[in-house]
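Structure file run.cif with mmCIF, C-alpha atoms:
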```cif
data_target
loop_
_atom_site.group_PDB
_atom_site.id
_atom_site.type_symbol
_atom_site.label_atom_id
_atom_site.label_comp_id
_atom_site.auth_asym_id
_atom_site.auth_seq_id
_atom_site.Cartn_x
_atom_site.Cartn_y
_atom_site.Cartn_z
ATOM 1 C CA MET A 1407 0.000 0.000 0.000
ATOM 2 C CA ASN A 1408 1.113 3.541 -0.732
ATOM 3 C CA TYR A 1409 0.284 6.759 1.077
ATOM 4 C CA TRP A 1410 -0.662 10.134 -0.324
ATOM 5 C CA LEU A 1411 -1.897 13.580 0.601
ATOM 6 C CA VAL A 1412 -4.459 15.660 -1.274
ATOM 7 C CA LYS A 1413 -5.241 19.288 -0.592
ATOM 8 C CA SER A 1414 -8.544 21.077 -0.838
ATOM 9 C CA GLU A 1415 -9.770 24.450 0.314
ATOM 10 C CA PRO A 1416 -12.569 23.634 2.759
ATOM 11 C CA GLU A 1417 -14.886 26.222 1.199
ATOM 12 C CA ALA A 1418 -14.444 24.481 -2.192
ATOM 13 C CA TYR A 1419 -14.666 20.857 -0.980
ATOM 14 C CA SER A 1420 -14.282 19.900 2.661
ATOM 15 C CA TRP A 1421 -13.632 16.680 4.536
ATOM 16 C CA GLU A 1422 -17.160 16.965 5.912
ATOM 17 C CA GLN A 1423 -18.532 17.114 2.366
ATOM 18 C CA LEU A 1424 -16.580 13.987 1.379
ATOM 19 C CA GLN A 1425 -18.063 12.195 4.384
ATOM 20 C CA LYS A 1426 -21.578 13.235 3.313
ATOM 21 C CA ASP A 1427 -20.956 12.281 -0.337
ATOM 22 C CA LYS A 1428 -19.374 8.928 0.645
ATOM 23 C CA GLN A 1429 -17.234 9.049 -2.531
ATOM 24 C CA THR A 1430 -16.066 11.678 -5.009
ATOM 25 C CA ALA A 1431 -14.064 12.019 -8.185
ATOM 26 C CA TRP A 1432 -10.887 14.016 -7.410
ATOM 27 C CA THR A 1433 -11.086 16.196 -10.514
ATOM 28 C CA GLY A 1434 -9.535 19.436 -11.696
ATOM 29 C CA VAL A 1435 -5.866 18.636 -11.104
ATOM 30 C CA ARG A 1436 -3.879 20.533 -13.749
ATOM 31 C CA ASN A 1437 -0.301 20.119 -12.563
ATOM 32 C CA TYR A 1438 1.842 17.458 -14.256
ATOM 33 C CA ALA A 1439 3.551 16.256 -11.071
ATOM 34 C CA ALA A 1440 0.224 16.027 -9.226
ATOM 35 C CA ARG A 1441 -1.304 14.239 -12.240
ATOM 36 C CA ASN A 1442 1.494 11.683 -12.190
ATOM 37 C CA HIS A 1443 0.814 11.039 -8.511
ATOM 38 C CA LEU A 1444 -2.883 10.465 -9.303
ATOM 39 C CA LYS A 1445 -1.835 7.966 -11.981
ATOM 40 C CA ALA A 1446 0.322 6.108 -9.440
ATOM 41 C CA MET A 1447 -2.488 5.695 -6.893
ATOM 42 C CA LYS A 1448 -3.844 2.186 -6.419
ATOM 43 C CA LYS A 1449 -7.212 1.097 -5.085
ATOM 44 C CA GLY A 1450 -7.025 0.892 -1.291
ATOM 45 C CA ASP A 1451 -4.134 3.350 -0.899
ATOM 46 C CA GLN A 1452 -4.628 5.688 2.046
ATOM 47 C CA VAL A 1453 -4.780 9.427 1.416
ATOM 48 C CA PHE A 1454 -4.458 12.216 3.961
ATOM 49 C CA PHE A 1455 -7.103 14.914 3.393
ATOM 50 C CA TYR A 1456 -5.576 18.347 4.010
ATOM 51 C CA HIS A 1457 -7.579 21.559 4.350
ATOM 52 C CA SER A 1458 -5.522 24.245 2.610
ATOM 53 C CA ASN A 1459 -5.722 28.017 3.020
ATOM 54 C CA GLU A 1460 -8.256 27.930 5.846
ATOM 55 C CA GLY A 1461 -7.179 25.608 8.641
ATOM 56 C CA LYS A 1462 -3.968 24.322 7.020
ATOM 57 C CA GLU A 1463 -4.346 20.937 8.667
ATOM 58 C CA ILE A 1464 -4.761 17.250 7.938
ATOM 59 C CA VAL A 1465 -8.258 16.357 9.073
ATOM 60 C CA GLY A 1466 -8.925 12.847 7.806
ATOM 61 C CA ILE A 1467 -7.919 9.814 5.810
ATOM 62 C CA ALA A 1468 -9.558 8.764 2.567
ATOM 63 C CA ARG A 1469 -8.991 5.644 0.508
ATOM 64 C CA VAL A 1470 -8.586 5.370 -3.236
ATOM 65 C CA ALA A 1471 -11.864 3.795 -4.383
ATOM 66 C CA LYS A 1472 -11.166 3.887 -8.134
ATOM 67 C CA GLU A 1473 -7.823 4.194 -9.888
ATOM 68 C CA ALA A 1474 -6.974 6.876 -12.454
ATOM 69 C CA TYR A 1475 -9.360 7.526 -15.322
ATOM 70 C CA GLN A 1476 -10.072 10.386 -17.738
ATOM 71 C CA ASP A 1477 -11.014 13.558 -15.812
ATOM 72 C CA PRO A 1478 -14.602 14.318 -16.893
ATOM 73 C CA THR A 1479 -14.094 18.062 -16.319
ATOM 74 C CA THR A 1480 -11.906 18.357 -19.445
ATOM 75 C CA ASP A 1481 -11.700 16.932 -22.961
ATOM 76 C CA GLU A 1482 -7.904 16.841 -22.781
ATOM 77 C CA ILE A 1483 -6.837 13.209 -22.407
ATOM 78 C CA ALA A 1484 -3.698 14.202 -20.504
ATOM 79 C CA TRP A 1485 -5.668 14.831 -17.294
ATOM 80 C CA VAL A 1486 -6.932 12.135 -14.966
ATOM 81 C CA CYS A 1487 -8.769 11.817 -11.689
ATOM 82 C CA VAL A 1488 -9.289 9.129 -9.061
ATOM 83 C CA ASP A 1489 -12.257 8.398 -6.841
ATOM 84 C CA LEU A 1490 -11.749 8.909 -3.122
ATOM 85 C CA ALA A 1491 -13.915 7.628 -0.282
ATOM 86 C CA PRO A 1492 -13.666 8.702 3.368
ATOM 87 C CA TYR A 1493 -12.000 6.210 5.684
ATOM 88 C CA LYS A 1494 -11.732 7.960 9.048
ATOM 89 C CA SER A 1495 -11.345 11.331 10.680
ATOM 90 C CA LEU A 1496 -8.277 12.129 12.727
ATOM 91 C CA LYS A 1497 -9.106 12.514 16.420
ATOM 92 C CA LYS A 1498 -7.016 15.698 16.417
ATOM 93 C CA PRO A 1499 -6.321 17.573 13.177
ATOM 94 C CA VAL A 1500 -2.579 17.862 12.486
ATOM 95 C CA SER A 1501 -1.602 21.372 11.455
ATOM 96 C CA LEU A 1502 1.105 22.413 9.028
ATOM 97 C CA GLU A 1503 2.675 24.325 11.910
ATOM 98 C CA GLN A 1504 2.938 21.097 13.951
ATOM 99 C CA ILE A 1505 4.368 19.182 10.979
ATOM 100 C CA LYS A 1506 7.057 21.824 10.413
ATOM 101 C CA LYS A 1507 8.244 21.378 14.011
ATOM 102 C CA VAL A 1508 8.987 17.648 13.584
ATOM 103 C CA LYS A 1509 12.487 17.039 12.256
ATOM 104 C CA THR A 1510 11.601 13.661 10.709
ATOM 105 C CA LEU A 1511 8.901 15.400 8.616
ATOM 106 C CA SER A 1512 11.203 18.085 7.188
ATOM 107 C CA GLN A 1513 11.342 16.376 3.768
ATOM 108 C CA ILE A 1514 7.604 15.773 3.354
ATOM 109 C CA PRO A 1515 6.424 17.462 0.130
ATOM 110 C CA LEU A 1516 3.831 19.421 2.114
ATOM 111 C CA VAL A 1517 6.754 21.369 3.595
ATOM 112 C CA ARG A 1518 9.156 21.281 0.624
ATOM 113 C CA ILE A 1519 6.698 21.806 -2.255
ATOM 114 C CA PRO A 1520 3.732 23.541 -0.597
ATOM 115 C CA ARG A 1521 1.915 24.414 -3.837
ATOM 116 C CA LEU A 1522 1.616 20.794 -4.972
ATOM 117 C CA SER A 1523 -1.984 19.559 -4.530
ATOM 118 C CA VAL A 1524 -1.394 15.785 -4.710
ATOM 119 C CA MET A 1525 1.745 14.293 -3.208
ATOM 120 C CA PRO A 1526 3.253 11.056 -1.947
ATOM 121 C CA VAL A 1527 3.809 10.409 1.757
ATOM 122 C CA THR A 1528 6.331 7.821 2.950
ATOM 123 C CA PRO A 1529 5.224 5.094 5.367
ATOM 124 C CA ALA A 1530 7.381 6.704 8.098
ATOM 125 C CA GLU A 1531 5.819 10.138 7.473
ATOM 126 C CA PHE A 1532 2.344 8.596 7.485
ATOM 127 C CA ALA A 1533 3.039 6.864 10.816
ATOM 128 C CA ALA A 1534 4.453 10.037 12.391
ATOM 129 C CA ILE A 1535 1.433 12.095 11.366
ATOM 130 C CA MET A 1536 -0.947 9.376 12.560
ATOM 131 C CA GLU A 1537 0.703 9.465 15.996
ATOM 132 C CA MET A 1538 0.198 13.235 16.088
ATOM 133 C CA GLY A 1539 -3.480 12.874 15.178
ATOM 134 C CA VAL A 1540 -4.433 10.507 18.019
#
```
If you convert what's in this file into structure tokens, what do you get?
Amino acid sequence: MNYWLVKSEPEAYSWEQLQKDKQTAWTGVRNYAARNHLKAMKKGDQVFFYHSNEGKEIVGIARVAKEAYQDPTTDEIAWVCVDLAPYKSLKKPVSLEQIKKVKTLSQIPLVRIPRLSVMPVTPAEFAAIMEMGV
């Protein structure tokens, strides 16, 4: 299993909305690196759900419910999306500020490449963040 992080502004699409919807297509990604990460996702992979701009915190974990397919929001075949389904909420959201204070998380793309909207997370990074969210 692989681990990932996706970012969404809560006013555009929140963790709470994903929980209500039970599943959503993660559409609209128009960055090549982020697109490549979507293509690498496998069904069952766990995905941190990060509220960007407002909150700046990881609030839950989703699972990849459907692997990459043509993004229906564009006719360009270069762009893909995946389906995500909620798995569980973190007991305590983990803020970007908290993550930046942990030396072992200094190389996580959330810190190094903050504009990237879809990114990989190593198993060690995933475990560290999970401990912080208990």
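Among the candidate residues A:Glu1463, A:Asp1451, A:Glu1415, A:Glu1537, the one lying nearest to Lys1506 (chain A) is A:Glu1463, with distances computed using all atoms listed in the file.
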Q) If you measure from CA of Lys1498 (chain A) to CA of Met1538 (chain A), what distance in Å do you get, rounded to one decimal? A) 7.6 Å
Counting only C-alpha atoms, which residues of region 1454-1498 of chain A fall within 9 Å of region 1430-1442 of chain A, and what is the closest atom pair for each with its distance in Å at one decimal, ordered by chain and rising number, as a Markdown table?
```
| residue | atom | partner | partner_atom | distance |
| --- | --- | --- | --- | --- |
| A:Ala1471 | CA | A:Thr1430 | CA | 9.0 |
| A:Lys1472 | CA | A:Ala1431 | CA | 8.6 |
| A:Asp1477 | CA | A:Thr1433 | CA | 5.9 |
| A:Pro1478 | CA | A:Thr1433 | CA | 7.5 |
| A:Thr1479 | CA | A:Gly1434 | CA | 6.6 |
| A:Thr1480 | CA | A:Gly1434 | CA | 8.2 |
| A:Ala1484 | CA | A:Arg1441 | CA | 8.6 |
| A:Trp1485 | CA | A:Arg1441 | CA | 6.7 |
| A:Val1486 | CA | A:Arg1441 | CA | 6.6 |
| A:Cys1487 | CA | A:Thr1433 | CA | 5.1 |
| A:Val1488 | CA | A:Trp1432 | CA | 5.4 |
| A:Asp1489 | CA | A:Ala1431 | CA | 4.3 |
| A:Leu1490 | CA | A:Thr1430 | CA | 5.5 |
| A:Ala1491 | CA | A:Thr1430 | CA | 6.6 |
```
Q) For this file, the PyMOL selection byres ((chain A and resi 1508-1521) around 10) selects which residues, as a PyMOL selection string? A) chain A and resi 1411-1413+1437+1456+1458+1502-1507+1522-1528+1530-1532+1534-1535
Q: For the point (-4.2, 1.0, 4.8) in the file's frame, write as a ChimeraX atom specification all residues with an atom no more than 8 Å away, counting all atoms listed in the file.
A: /A:1407,1450-1452,1469
Q: Find the residues around Pro1529 (chain A) up to 8 Å (all atoms listed in the file counted), leave out those fewer than 3 positions away in its own chain, and share them as a count of residues only.
A: 4
Q) Pick from A:Ala1468, A:His1443, A:Glu1473, A:Asn1459: nearest to Gln1425 (chain A), with all atoms listed in the file counted? A) A:Ala1468
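Coordinates place CA of Ile1467 (chain A) at a distance of 13.1 Å from CA of Ser1414 (chain A).
Of the residues listed (A:Leu1444, A:Pro1499, A:Phe1455, A:Gly1539), A:Leu1444 shows the shortest atom-to-atom separation from Gln1476 (chain A); distances use only C-alpha atoms.
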Q: Determine the nearest neighbour of Gly1466 (chain A) from the options A:Ser1495, A:Lys1449, A:Trp1410, A:Leu1424, counting all atoms listed in the file.
A: A:Ser1495
Q. Can you tell me how far CA of Lys1462 (chain A) sits from CA of Glu1417 (chain A), in Å to one decimal?
A. 12.5 Å
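Minimum atom-to-atom distances from A:Lys1497, A:Glu1482, A:Tyr1419, A:Ala1474 to Lys1448 (chain A) were compared using only C-alpha atoms, and the lowest value belongs to A:Ala1474.
Candidate residues A:Pro1492, A:Phe1454, A:Val1470, A:Glu1460 were compared for distance to Gln1423 (chain A), and the nearest is A:Pro1492, using all atoms listed in the file.
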